[in-house]
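Just below is one structure, and these are the notes that go with it.
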Amino acid sequence: MPTEAMLSGRADARFLACLPFVLRWEGGLADVKGDKGGLTNRGVTQATYAAWRASHGRAGGSVRDATVEETEAIYHELYWLAAGCNKWTAPLDLVMFDSWVQHRPKTAARFLQRAVGAAADGVIGPLTVKAVQAANPRRTAERICYQREVFYRHLAAQPDQHKFLKGWMNRLAALGQEVQPRVVTVTMGS
């Protein structure tokens, strides 16, 4: 778990609230044929794990041996903070976190930029931040989810990727429930 020194304030409390969603969908140790991520552990690729360990002065190692604490620290540093999730309010913070994990950073950034009408250059700079802050967070999150659906369906047109569509759509449906929870009305009989 990231240390208390690493986590402070509302944004980091939100990280801890959003992390279980991502971990649920990323699963455990996996090396699925056709998955472009290759060997992963809780969604962290071998390349990401090795680079993160090196950046922290640690010797290389297998992602198979990644601890829960390392995984959480990687998600906090390389995904939550890198995506600027600490700047966004709910549910946009969760949608961007999950998008940053599921897609490459430039792709996730472009989803956000298109959702708020900013130039889609794949870099979240001051103009993007300003546009996001002026937009409705829930509506922006919904627009990103829609773009992800279109993206998934495009990817699934490739024969080696079609087998992943059902899982992607299930994940997106679960994310949609986080963005726009259903309201259930119960009518009591007399």
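Letters A, B, ... go to the chains of the structure tokens in the order shown; residues in each chain start at 1; ligands are counted from 1 in the same order.
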
message: So that I can see what lies close to A:Arg148, please list as a PyMOL selection string the residues with an atom at most 8 Å from it, counting only C-alpha atoms and leaving out residues fewer than 4 positions away in the same chain.
response: chain A and resi 111+144+152+172

Restricting the output to C-alpha atoms, write the selected residues as an mmCIF file, in the first residue's frame.
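Now in again-v5.cif:
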```
data_model
loop_
_atom_site.group_PDB
_atom_site.id
_atom_site.type_symbol
_atom_site.label_atom_id
_atom_site.label_comp_id
_atom_site.auth_asym_id
_atom_site.auth_seq_id
_atom_site.Cartn_x
_atom_site.Cartn_y
_atom_site.Cartn_z
ATOM 1 C CA PHE A 111 -10.276 10.571 -25.160
ATOM 2 C CA ILE A 144 -14.955 9.115 -22.596
ATOM 3 C CA TYR A 152 -13.000 -1.358 -28.527
ATOM 4 C CA LEU A 172 -17.002 -0.672 -19.707
#
```

task: Determine which residues of stretch 32-118 of chain A DSSP labels as strand (DSSP E) from the backbone of this structure, then write them out as a list in words.
output: Thr40, Asn41, Val44 and Thr45 of chain A

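Atom CA of A:Val68 lies 28.0 Å from atom CA of A:Cys145.
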
- prompt: So which one's closest to A:Phe21, A:Arg64, A:Arg42, A:Arg138, A:Lys33? Using only C-alpha atoms, please.
  reply: A:Arg42

- prompt: Could you name the residues that touch A:Val101 at 9 Å or less, counting only C-alpha atoms, but leaving out those on the same chain fewer than 3 positions away, as number ranges by chain?
  reply: A: 22, 26, 43-44, 75, 79-80, 96-98, 104-105, 108

Those same residues - C-alpha atoms - I'd like them written as a compact mmCIF listing (two decimals), in the first residue's frame.
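Result written to part.txt:
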```
# COMPACT_ATOMS: atom_id res chain seq x y z
CA VAL A 22 -9.11 -1.27 -11.62
CA GLU A 26 -6.97 -6.30 -14.24
CA GLY A 43 -2.39 -5.46 -14.82
CA VAL A 44 1.24 -4.32 -14.52
CA TYR A 75 -0.69 2.47 -10.04
CA TYR A 79 -1.27 5.92 -13.66
CA TRP A 80 -3.24 7.97 -11.10
CA MET A 96 -9.42 8.58 -16.48
CA PHE A 97 -7.58 6.24 -14.11
CA ASP A 98 -9.16 3.20 -15.72
CA ARG A 104 -1.86 3.94 -23.69
CA PRO A 105 -1.47 7.38 -22.08
CA ALA A 108 -6.48 8.09 -22.88
```
